[in-house]
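K.L.:
File name work-v3.cif; file contents mmCIF, C-alpha atoms; full text below.
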```cif
data_protein
loop_
_atom_site.label_atom_id
_atom_site.label_comp_id
_atom_site.auth_asym_id
_atom_site.auth_seq_id
_atom_site.Cartn_x
_atom_site.Cartn_y
_atom_site.Cartn_z
CA MET A 1 14.59 19.12 6.22
CA THR A 2 11.27 18.95 4.44
CA GLU A 3 10.07 20.85 1.41
CA GLN A 4 6.52 20.68 0.18
CA THR A 5 4.48 21.70 -2.80
CA GLN A 6 0.97 21.00 -4.05
CA ILE A 7 0.02 20.35 -7.65
CA VAL A 8 -3.19 19.68 -9.49
CA LEU A 9 -3.32 16.94 -12.11
CA PRO A 10 -5.62 17.75 -15.03
CA PRO A 11 -8.68 15.51 -15.45
CA HIS A 12 -7.89 12.03 -16.73
CA PRO A 13 -10.41 9.47 -17.98
CA ARG A 14 -11.00 6.37 -15.90
CA GLY A 15 -7.91 4.18 -16.09
CA PHE A 16 -4.24 3.90 -15.16
CA HIS A 17 -2.17 6.86 -16.37
CA LEU A 18 1.55 7.56 -16.23
CA VAL A 19 2.10 10.90 -14.49
CA THR A 20 5.83 10.74 -13.72
CA HIS A 21 6.52 13.84 -15.78
CA PHE A 22 3.96 15.95 -13.87
CA ILE A 23 5.76 15.09 -10.64
CA GLU A 24 9.29 15.59 -11.91
CA ASP A 25 8.42 18.95 -13.47
CA ALA A 26 7.01 20.27 -10.17
CA ILE A 27 9.99 19.77 -7.88
CA VAL A 28 13.72 20.28 -7.49
CA LEU A 29 15.27 17.23 -5.90
CA PRO A 30 18.05 17.18 -3.31
CA GLU A 31 21.00 14.78 -3.62
CA THR A 32 19.55 12.16 -1.26
CA GLY A 33 16.17 11.71 0.38
CA VAL A 34 12.65 10.44 -0.06
CA LEU A 35 9.85 11.93 -2.14
CA HIS A 36 6.42 11.42 -0.63
CA ILE A 37 3.40 11.82 -2.93
CA PHE A 38 -0.11 11.97 -1.49
CA ILE A 39 -3.44 12.14 -3.32
CA ARG A 40 -6.16 14.07 -1.47
CA HIS A 41 -9.06 11.94 -2.78
CA THR A 42 -10.76 8.66 -1.89
CA SER A 43 -11.83 7.47 -5.33
CA ALA A 44 -8.43 7.58 -7.01
CA GLY A 45 -5.05 6.21 -6.02
CA LEU A 46 -1.35 6.18 -6.76
CA THR A 47 0.83 3.26 -7.73
CA ILE A 48 4.12 2.37 -9.39
CA ASN A 49 4.09 0.03 -12.34
CA GLU A 50 5.51 -0.75 -15.77
CA ASN A 51 6.17 2.40 -17.81
CA ALA A 52 6.57 1.12 -21.37
CA ASP A 53 3.75 -1.03 -22.73
CA PRO A 54 0.30 0.59 -22.98
CA THR A 55 -1.35 -2.85 -22.70
CA VAL A 56 -0.14 -3.00 -19.10
CA GLN A 57 -2.23 0.08 -18.43
CA SER A 58 -5.37 -1.31 -20.04
CA ASP A 59 -4.83 -4.72 -18.41
CA LEU A 60 -4.50 -3.06 -14.99
CA GLU A 61 -7.79 -1.26 -15.58
CA ALA A 62 -9.52 -4.46 -16.78
CA SER A 63 -8.11 -6.50 -13.91
CA PHE A 64 -9.14 -4.16 -11.11
CA ASN A 65 -12.61 -3.95 -12.70
CA HIS A 66 -12.73 -7.75 -12.69
CA ILE A 67 -11.62 -8.09 -9.06
CA VAL A 68 -13.76 -5.21 -7.75
CA LYS A 69 -16.98 -5.36 -9.72
CA GLU A 70 -19.65 -2.72 -10.15
CA ASN A 71 -23.25 -3.32 -9.05
CA GLU A 72 -22.48 -5.98 -6.46
CA PRO A 73 -25.79 -6.80 -4.73
CA PHE A 74 -24.26 -6.11 -1.32
CA TYR A 75 -23.28 -2.50 -2.06
CA ARG A 76 -25.33 0.04 -0.11
CA HIS A 77 -23.29 3.16 -1.00
CA THR A 78 -24.80 3.47 -4.48
CA TYR A 79 -26.22 6.98 -4.83
CA GLU A 80 -23.10 8.44 -6.48
CA GLY A 81 -23.27 5.93 -9.33
CA PRO A 82 -22.04 2.39 -10.04
CA ASP A 83 -18.40 3.49 -10.35
CA ASP A 84 -18.25 5.14 -6.92
CA MET A 85 -18.09 2.36 -4.33
CA PRO A 86 -15.71 0.26 -6.47
CA ALA A 87 -13.51 3.37 -6.67
CA HIS A 88 -13.32 3.57 -2.87
CA ILE A 89 -12.41 -0.12 -2.60
CA LYS A 90 -9.73 0.10 -5.29
CA SER A 91 -8.25 3.21 -3.68
CA SER A 92 -7.73 1.27 -0.43
CA MET A 93 -6.13 -1.56 -2.44
CA VAL A 94 -3.55 0.50 -4.28
CA GLY A 95 -3.17 3.18 -1.63
CA SER A 96 -3.23 6.97 -1.38
CA SER A 97 0.48 7.66 -1.27
CA LEU A 98 3.87 6.69 -2.63
CA SER A 99 7.35 7.08 -1.19
CA ILE A 100 10.23 7.00 -3.66
CA PRO A 101 13.93 7.23 -2.81
CA ILE A 102 15.98 10.12 -4.18
CA THR A 103 19.56 9.23 -5.13
CA ASN A 104 22.16 11.46 -6.81
CA GLY A 105 19.52 14.14 -7.31
CA ARG A 106 17.06 11.89 -9.16
CA LEU A 107 14.10 9.68 -8.35
CA ASN A 108 15.66 6.23 -7.92
CA LEU A 109 13.06 4.36 -9.92
CA GLY A 110 13.93 1.12 -11.69
CA THR A 111 14.29 1.18 -15.46
CA TRP A 112 10.72 0.01 -16.00
CA GLN A 113 9.03 1.91 -13.17
CA GLY A 114 6.70 4.84 -13.67
CA ILE A 115 4.35 6.74 -11.35
CA TYR A 116 0.66 6.11 -12.05
CA LEU A 117 -2.48 8.04 -11.30
CA CYS A 118 -5.19 5.41 -10.83
CA GLU A 119 -8.36 7.22 -11.82
CA PHE A 120 -11.20 5.02 -10.63
CA ARG A 121 -14.13 7.35 -11.38
CA ASN A 122 -15.67 7.74 -14.83
CA HIS A 123 -15.41 11.52 -14.48
CA GLY A 124 -13.08 12.18 -11.56
CA GLY A 125 -12.06 15.69 -12.57
CA SER A 126 -8.75 17.23 -11.56
CA ARG A 127 -6.87 15.62 -8.68
CA LYS A 128 -4.80 17.33 -6.00
CA LEU A 129 -1.41 15.94 -4.98
CA VAL A 130 0.84 16.97 -2.10
CA LEU A 131 4.55 16.42 -2.76
CA THR A 132 6.86 16.37 0.25
CA ILE A 133 10.60 15.94 0.01
CA VAL A 134 12.40 14.68 3.11
CA SER A 135 16.17 15.02 2.97
CA MET B 136 14.03 15.87 13.01
CA THR B 137 11.84 12.96 14.05
CA GLU B 138 9.45 12.70 16.96
CA GLN B 139 7.75 9.48 17.90
CA THR B 140 5.01 8.23 20.15
CA GLN B 141 3.14 4.97 20.57
CA ILE B 142 -0.58 4.66 21.23
CA VAL B 143 -2.98 1.81 21.81
CA LEU B 144 -6.32 1.77 20.04
CA PRO B 145 -9.11 0.24 22.13
CA PRO B 146 -10.66 -2.99 20.79
CA HIS B 147 -12.86 -2.52 17.75
CA PRO B 148 -15.22 -5.11 16.25
CA ARG B 149 -14.34 -6.57 12.87
CA GLY B 150 -14.79 -3.88 10.24
CA PHE B 151 -13.52 -0.55 8.95
CA HIS B 152 -13.40 2.16 11.63
CA LEU B 153 -12.54 5.85 11.48
CA VAL B 154 -9.76 6.56 13.98
CA THR B 155 -8.56 9.98 12.82
CA HIS B 156 -9.39 11.54 16.18
CA PHE B 157 -7.27 9.01 18.12
CA ILE B 158 -4.28 9.98 16.00
CA GLU B 159 -4.82 13.73 16.11
CA ASP B 160 -5.32 13.70 19.88
CA ALA B 161 -2.00 11.92 20.44
CA ILE B 162 0.41 14.27 18.69
CA VAL B 163 1.43 17.90 18.28
CA LEU B 164 2.16 18.60 14.64
CA PRO B 165 4.94 20.79 13.25
CA GLU B 166 4.28 23.33 10.50
CA THR B 167 5.45 21.05 7.66
CA GLY B 168 6.38 17.40 7.45
CA VAL B 169 5.07 13.88 7.13
CA LEU B 170 3.21 11.80 9.71
CA HIS B 171 3.99 8.10 9.51
CA ILE B 172 1.54 5.70 11.19
CA PHE B 173 2.46 2.04 11.63
CA ILE B 174 0.35 -0.82 13.01
CA ARG B 175 2.31 -3.52 14.84
CA HIS B 176 0.01 -6.39 13.84
CA THR B 177 -0.45 -8.72 10.87
CA SER B 178 -4.21 -9.27 10.99
CA ALA B 179 -5.28 -5.63 10.88
CA GLY B 180 -4.33 -2.75 8.60
CA LEU B 181 -4.53 0.98 8.03
CA THR B 182 -6.08 2.83 5.13
CA ILE B 183 -7.46 6.20 4.11
CA ASN B 184 -10.98 6.38 2.79
CA GLU B 185 -14.25 8.31 2.77
CA ASN B 186 -15.05 9.83 6.16
CA ALA B 187 -18.74 10.71 5.94
CA ASP B 188 -21.10 7.91 4.92
CA PRO B 189 -21.29 4.85 7.21
CA THR B 190 -22.36 2.69 4.27
CA VAL B 191 -18.86 3.14 2.80
CA GLN B 192 -17.53 1.46 5.92
CA SER B 193 -19.92 -1.49 5.74
CA ASP B 194 -19.42 -1.81 1.98
CA LEU B 195 -15.64 -1.90 2.45
CA GLU B 196 -16.07 -4.70 4.99
CA ALA B 197 -18.46 -6.62 2.70
CA SER B 198 -16.23 -6.14 -0.32
CA PHE B 199 -13.01 -7.32 1.25
CA ASN B 200 -14.91 -10.34 2.63
CA HIS B 201 -16.14 -11.06 -0.88
CA ILE B 202 -12.70 -10.73 -2.50
CA VAL B 203 -10.84 -12.60 0.25
CA LYS B 204 -13.17 -15.36 1.37
CA GLU B 205 -13.10 -17.47 4.51
CA ASN B 206 -12.74 -21.25 4.38
CA GLU B 207 -11.06 -21.44 0.98
CA PRO B 208 -10.17 -25.11 0.39
CA PHE B 209 -6.55 -24.19 -0.27
CA TYR B 210 -5.94 -22.54 3.12
CA ARG B 211 -3.59 -24.51 5.35
CA HIS B 212 -3.12 -21.86 8.08
CA THR B 213 -6.49 -22.60 9.71
CA TYR B 214 -5.88 -23.39 13.39
CA GLU B 215 -6.53 -19.80 14.57
CA GLY B 216 -10.04 -19.79 13.11
CA PRO B 217 -11.66 -19.02 9.75
CA ASP B 218 -11.10 -15.27 10.10
CA ASP B 219 -7.33 -15.53 10.62
CA MET B 220 -5.79 -16.31 7.22
CA PRO B 221 -8.14 -13.91 5.40
CA ALA B 222 -7.02 -11.26 7.90
CA HIS B 223 -3.37 -11.79 6.94
CA ILE B 224 -4.17 -11.53 3.22
CA LYS B 225 -6.26 -8.38 3.66
CA SER B 226 -3.54 -6.77 5.78
CA SER B 227 -1.06 -7.20 2.91
CA MET B 228 -3.62 -5.70 0.52
CA VAL B 229 -4.34 -2.51 2.46
CA GLY B 230 -0.93 -2.26 4.11
CA SER B 231 0.51 -1.78 7.58
CA SER B 232 1.36 1.89 7.42
CA LEU B 233 0.23 5.29 6.21
CA SER B 234 2.19 8.44 5.44
CA ILE B 235 0.26 11.70 5.49
CA PRO B 236 1.63 15.15 4.68
CA ILE B 237 1.56 17.86 7.35
CA THR B 238 0.88 21.38 6.06
CA ASN B 239 0.38 24.55 8.09
CA GLY B 240 0.43 22.51 11.28
CA ARG B 241 -2.38 20.16 10.24
CA LEU B 242 -2.76 16.78 8.54
CA ASN B 243 -3.24 17.69 4.89
CA LEU B 244 -6.09 15.26 4.26
CA GLY B 245 -8.67 15.94 1.57
CA THR B 246 -12.13 17.06 2.65
CA TRP B 247 -13.49 13.52 2.48
CA GLN B 248 -10.48 11.62 3.76
CA GLY B 249 -10.30 9.90 7.12
CA ILE B 250 -7.85 7.47 8.70
CA TYR B 251 -9.22 3.95 9.10
CA LEU B 252 -8.32 1.05 11.32
CA CYS B 253 -9.11 -2.07 9.29
CA GLU B 254 -9.89 -4.67 11.93
CA PHE B 255 -9.86 -7.99 10.10
CA ARG B 256 -10.23 -10.34 13.12
CA ASN B 257 -13.55 -11.08 14.81
CA HIS B 258 -11.96 -10.31 18.18
CA GLY B 259 -8.70 -8.54 17.46
CA GLY B 260 -8.38 -6.80 20.81
CA SER B 261 -6.47 -3.56 21.27
CA ARG B 262 -4.03 -2.55 18.54
CA LYS B 263 -0.68 -0.80 18.93
CA LEU B 264 0.30 2.06 16.64
CA VAL B 265 3.64 3.84 16.28
CA LEU B 266 3.35 7.47 15.19
CA THR B 267 6.49 9.11 13.79
CA ILE B 268 6.64 12.73 12.68
CA VAL B 269 9.37 13.67 10.22
CA SER B 270 9.87 17.41 9.80
CA MET C 271 19.23 13.49 8.11
CA THR C 272 18.97 10.72 5.55
CA GLU C 273 21.29 7.79 4.94
CA GLN C 274 20.88 5.48 2.01
CA THR C 275 22.22 2.19 0.76
CA GLN C 276 21.30 -0.21 -2.02
CA ILE C 277 21.30 -3.99 -1.74
CA VAL C 278 20.60 -6.87 -4.08
CA LEU C 279 18.46 -9.76 -2.88
CA PRO C 280 19.53 -13.11 -4.34
CA PRO C 281 17.04 -14.84 -6.65
CA HIS C 282 14.04 -16.31 -4.86
CA PRO C 283 11.47 -18.69 -6.34
CA ARG C 284 7.96 -17.40 -6.91
CA GLY C 285 6.30 -16.93 -3.54
CA PHE C 286 6.34 -14.92 -0.31
CA HIS C 287 9.74 -14.91 1.40
CA LEU C 288 10.91 -13.48 4.72
CA VAL C 289 13.86 -11.16 4.07
CA THR C 290 14.05 -9.26 7.36
CA HIS C 291 17.59 -10.48 8.00
CA PHE C 292 18.88 -9.20 4.64
CA ILE C 293 17.62 -5.74 5.55
CA GLU C 294 18.86 -5.70 9.13
CA ASP C 295 22.32 -6.92 8.11
CA ALA C 296 22.72 -4.10 5.57
CA ILE C 297 22.17 -1.05 7.79
CA VAL C 298 23.09 0.58 11.07
CA LEU C 299 20.01 2.09 12.64
CA PRO C 300 19.80 5.40 14.51
CA GLU C 301 17.96 5.71 17.82
CA THR C 302 14.73 7.04 16.28
CA GLY C 303 13.48 7.41 12.75
CA VAL C 304 11.85 5.65 9.83
CA LEU C 305 13.36 3.03 7.52
CA HIS C 306 12.07 3.25 3.96
CA ILE C 307 12.53 0.18 1.74
CA PHE C 308 11.89 0.42 -2.00
CA ILE C 309 11.96 -2.34 -4.63
CA ARG C 310 13.07 -1.20 -8.10
CA HIS C 311 10.90 -3.69 -10.00
CA THR C 312 7.30 -3.91 -11.22
CA SER C 313 6.72 -7.66 -11.00
CA ALA C 314 7.63 -8.10 -7.32
CA GLY C 315 6.57 -6.30 -4.18
CA LEU C 316 7.21 -5.80 -0.49
CA THR C 317 4.87 -6.44 2.41
CA ILE C 318 4.81 -7.05 6.14
CA ASN C 319 3.16 -10.19 7.43
CA GLU C 320 3.32 -13.06 9.91
CA ASN C 321 6.86 -14.26 10.51
CA ALA C 322 6.43 -17.66 12.17
CA ASP C 323 4.25 -20.17 10.34
CA PRO C 324 5.39 -21.27 6.86
CA THR C 325 1.78 -22.07 5.92
CA VAL C 326 1.04 -18.33 6.04
CA GLN C 327 3.60 -17.90 3.28
CA SER C 328 2.16 -20.65 1.07
CA ASP C 329 -1.40 -19.48 1.77
CA LEU C 330 -0.47 -15.91 0.76
CA GLU C 331 0.94 -17.26 -2.50
CA ALA C 332 -2.14 -19.43 -3.15
CA SER C 333 -4.52 -16.60 -2.27
CA PHE C 334 -2.98 -13.97 -4.51
CA ASN C 335 -2.93 -16.54 -7.33
CA HIS C 336 -6.62 -17.15 -6.70
CA ILE C 337 -7.56 -13.47 -6.65
CA VAL C 338 -5.32 -12.48 -9.60
CA LYS C 339 -5.50 -15.39 -12.00
CA GLU C 340 -3.23 -16.26 -14.91
CA ASN C 341 -4.52 -16.48 -18.47
CA GLU C 342 -7.53 -14.22 -18.01
CA PRO C 343 -9.15 -13.81 -21.44
CA PHE C 344 -8.98 -10.02 -21.14
CA TYR C 345 -5.18 -9.85 -20.72
CA ARG C 346 -3.41 -8.30 -23.70
CA HIS C 347 0.07 -7.98 -22.13
CA THR C 348 0.90 -11.68 -22.59
CA TYR C 349 4.17 -11.92 -24.51
CA GLU C 350 6.35 -12.23 -21.38
CA GLY C 351 4.49 -15.35 -20.20
CA PRO C 352 1.37 -16.14 -18.18
CA ASP C 353 2.99 -15.09 -14.89
CA ASP C 354 3.91 -11.58 -16.07
CA MET C 355 0.70 -9.54 -16.13
CA PRO C 356 -0.57 -11.08 -12.87
CA ALA C 357 2.79 -10.09 -11.36
CA HIS C 358 2.23 -6.44 -12.33
CA ILE C 359 -1.28 -6.46 -10.84
CA LYS C 360 -0.15 -8.07 -7.59
CA SER C 361 2.73 -5.60 -7.27
CA SER C 362 0.25 -2.70 -7.36
CA MET C 363 -1.85 -4.48 -4.73
CA VAL C 364 0.89 -5.06 -2.16
CA GLY C 365 2.99 -2.04 -3.11
CA SER C 366 6.59 -1.26 -3.98
CA SER C 367 7.74 0.17 -0.68
CA LEU C 368 7.56 -0.17 3.09
CA SER C 369 8.12 2.36 5.84
CA ILE C 370 8.96 0.98 9.29
CA PRO C 371 9.51 3.00 12.45
CA ILE C 372 12.87 2.83 14.21
CA THR C 373 12.70 2.96 18.00
CA ASN C 374 15.56 2.58 20.48
CA GLY C 375 17.89 1.69 17.64
CA ARG C 376 15.77 -1.19 16.33
CA LEU C 377 13.04 -1.74 13.75
CA ASN C 378 9.84 -1.37 15.77
CA LEU C 379 8.08 -4.37 14.27
CA GLY C 380 5.43 -6.24 16.24
CA THR C 381 6.32 -9.63 17.66
CA TRP C 382 4.81 -11.47 14.71
CA GLN C 383 5.83 -9.09 11.94
CA GLY C 384 8.45 -9.83 9.32
CA ILE C 385 9.49 -8.15 6.08
CA TYR C 386 8.53 -10.09 2.94
CA LEU C 387 9.79 -10.10 -0.59
CA CYS C 388 6.77 -10.96 -2.74
CA GLU C 389 8.30 -12.63 -5.80
CA PHE C 390 5.52 -12.77 -8.36
CA ARG C 391 7.54 -14.06 -11.35
CA ASN C 392 8.42 -17.73 -11.86
CA HIS C 393 12.05 -16.75 -12.45
CA GLY C 394 12.40 -13.16 -11.26
CA GLY C 395 16.15 -13.23 -10.69
CA SER C 396 17.88 -10.98 -8.20
CA ARG C 397 15.98 -7.91 -6.95
CA LYS C 398 17.36 -4.48 -6.13
CA LEU C 399 16.28 -2.65 -2.99
CA VAL C 400 16.98 0.93 -1.93
CA LEU C 401 17.10 1.43 1.85
CA THR C 402 16.75 4.99 3.14
CA ILE C 403 16.89 5.90 6.81
CA VAL C 404 15.27 9.18 7.83
CA SER C 405 16.15 10.34 11.34
#
```
What is this structure when it is put down as structure tokens?
P.N.:
Amino acid sequence: MTEQTQIVLPPHPRGFHLVTHFIEDAIVLPETGVLHIFIRHTSAGLTINENADPTVQSDLEASFNHIVKENEPFYRHTYEGPDDMPAHIKSSMVGSSLSIPITNGRLNLGTWQGIYLCEFRNHGGSRKLVLTIVS
Amino acid sequence: MTEQTQIVLPPHPRGFHLVTHFIEDAIVLPETGVLHIFIRHTSAGLTINENADPTVQSDLEASFNHIVKENEPFYRHTYEGPDDMPAHIKSSMVGSSLSIPITNGRLNLGTWQGIYLCEFRNHGGSRKLVLTIVS
Amino acid sequence: MTEQTQIVLPPHPRGFHLVTHFIEDAIVLPETGVLHIFIRHTSAGLTINENADPTVQSDLEASFNHIVKENEPFYRHTYEGPDDMPAHIKSSMVGSSLSIPITNGRLNLGTWQGIYLCEFRNHGGSRKLVLTIVS
């Protein structure tokens, strides 16, 4: 059985942002299953990472900027600004979807795991997510 | 309920290639669910990215080549050619599978999203995909 | 229908380790479906890669260390040791979950594909996995 809903995340500045609460507030979970989360954009992504220390979030942002630099001389897709092509590359690195097990009616995340919106554009605007529960 | 089919993508040259149409032509979608796509190879990958501008595709290829270089002095797995070990690394970066929500009988991709085969070998040959629909 | 079980992988040293047998020994597979594997940690990951040549495993370890370096001057999350922040970054790169098709009662992996635990900490200890079968 699958249930599905779509939500819109409000605009976030460029960076890695915990959005677990937006997801949990939007759905009623079954006892057992898998929650699939999909972002309908190609310059943002979704990931799971450490949910407690804000320096993890700023270090993730700094690190992806270091690994995927702006203004590389070989970029040809440049007309949407210096943050655009790096955003596409990063989105393929972290991925466009997450699948999280549901156990005893709750997301079975580890103690330190949170759901992140990876906003790779300087001004990405609101972002649409599709949430599908398979049970 | 799950339905499954296997398809073979024809050989593609090294690079990032839109293959959405190969997938859509191979399956009949239910009203609601998730499509899971799996590539049965370790030197190619699957990703979702921008579906309109060909320079995104060439920039993705150039960028992954820049981040994961050939002929690194620390590579020991070299007997299959200089493109082989980088292909394995890139495949772990982009991943071997995609999960895409199905809504109203269609893949619920964003306007600018397409499904990519990431062919990381110079001559990778045809590539086998397993498509599983969960509904 | 979903079935779910949780397993604990014994401690592995830092590196890329084939763990396919731990997974297969823990579950009974249906004829057709998808196996979802989730790791409940943010400094380790899961990936699929080449299952035969041990130099692929050591080259993956060397390559991710090269791309995501320790002791970058911009890291601020440093109090858990030099291997900690790189572990978080790498885990977002390879991902926290895998989805593998089940066909004819078996994992439908390619000939050369194996399931890897990516242990990014020097002393990560045992690691908890949640296995969910959707069929």
K.L.:
To one decimal place, how far is CA of Glu215 in chain B from CA of Phe74 in chain A in Å?
P.N.:
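One can read the CA of Glu215 in chain B to CA of Phe74 in chain A distance as 27.5 Å.
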K.L.:
As a PyMOL selection string, could you give me every residue of chain A near chain B (at most 8 Å apart, counting only C-alpha atoms)?
P.N.:
chain A and resi 1-4+36+38+40-42+67-68+74-77+85+88-89+91-97+130+132+134
K.L.:
Could those selected residues go to a file with C-alpha atoms, as a JSON list (two decimals), keeping the file's coordinate frame?
P.N.:
```json
[["chain", "number", "residue", "atom", "x", "y", "z"],
["A", 1, "MET", "CA", 14.59, 19.12, 6.22],
["A", 2, "THR", "CA", 11.27, 18.95, 4.44],
["A", 3, "GLU", "CA", 10.07, 20.85, 1.41],
["A", 4, "GLN", "CA", 6.52, 20.68, 0.18],
["A", 36, "HIS", "CA", 6.42, 11.42, -0.63],
["A", 38, "PHE", "CA", -0.11, 11.97, -1.49],
["A", 40, "ARG", "CA", -6.16, 14.07, -1.47],
["A", 41, "HIS", "CA", -9.06, 11.94, -2.78],
["A", 42, "THR", "CA", -10.76, 8.66, -1.89],
["A", 67, "ILE", "CA", -11.62, -8.09, -9.06],
["A", 68, "VAL", "CA", -13.76, -5.21, -7.75],
["A", 74, "PHE", "CA", -24.26, -6.11, -1.32],
["A", 75, "TYR", "CA", -23.28, -2.50, -2.06],
["A", 76, "ARG", "CA", -25.33, 0.04, -0.11],
["A", 77, "HIS", "CA", -23.29, 3.16, -1.00],
["A", 85, "MET", "CA", -18.09, 2.36, -4.33],
["A", 88, "HIS", "CA", -13.32, 3.57, -2.87],
["A", 89, "ILE", "CA", -12.41, -0.12, -2.60],
["A", 91, "SER", "CA", -8.25, 3.21, -3.68],
["A", 92, "SER", "CA", -7.73, 1.27, -0.43],
["A", 93, "MET", "CA", -6.13, -1.56, -2.44],
["A", 94, "VAL", "CA", -3.55, 0.50, -4.28],
["A", 95, "GLY", "CA", -3.17, 3.18, -1.63],
["A", 96, "SER", "CA", -3.23, 6.97, -1.38],
["A", 97, "SER", "CA", 0.48, 7.66, -1.27],
["A", 130, "VAL", "CA", 0.84, 16.97, -2.10],
["A", 132, "THR", "CA", 6.86, 16.37, 0.25],
["A", 134, "VAL", "CA", 12.40, 14.68, 3.11]]
```
K.L.:
Name every residue that the PyMOL selection byres ((chain C and resi 278) around 8) selects in this structure, writing the answer as a PyMOL selection string with chains first and numbers rising.
P.N.:
chain C and resi 276-277+279-280+396-399
K.L.:
Take every atom of range 8-16 of chain A listed in the file, fit an axis-aligned box around them, add 3 Å per side, and give the centre and edge lengths in Å to one decimal as JSON.
P.N.:
```
{"center_x": -7.1, "center_y": 11.8, "center_z": -13.7, "size_x": 13.8, "size_y": 21.8, "size_z": 14.5}
```
K.L.:
For the atom pair CA of Val19 in chain A and CA of Asn65 in chain A, what is the interatomic distance in Å to one decimal place?
P.N.:
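Separation of CA of Val19 in chain A and CA of Asn65 in chain A: 21.0 Å.
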K.L.:
Would you mind reading off the distance between CA of Asn206 in chain B and CA of Phe255 in chain B, one decimal, in Å?
P.N.:
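CA of Phe255 in chain B lies at a distance of 14.7 Å from CA of Asn206 in chain B.
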K.L.:
Could you tell me which residues the PyMOL selection byres ((chain B and resi 259) around 9) grabs in this file, written as a PyMOL selection string?
P.N.:
chain B and resi 146-149+178-179+254-258+260-262
K.L.:
Evaluate the PyMOL selection byres ((chain B and resi 162) around 9) here and jot the selected residues down as an NGL selection string.
P.N.:
:B and (139-140 or 158-161 or 163-164 or 266 or 268)
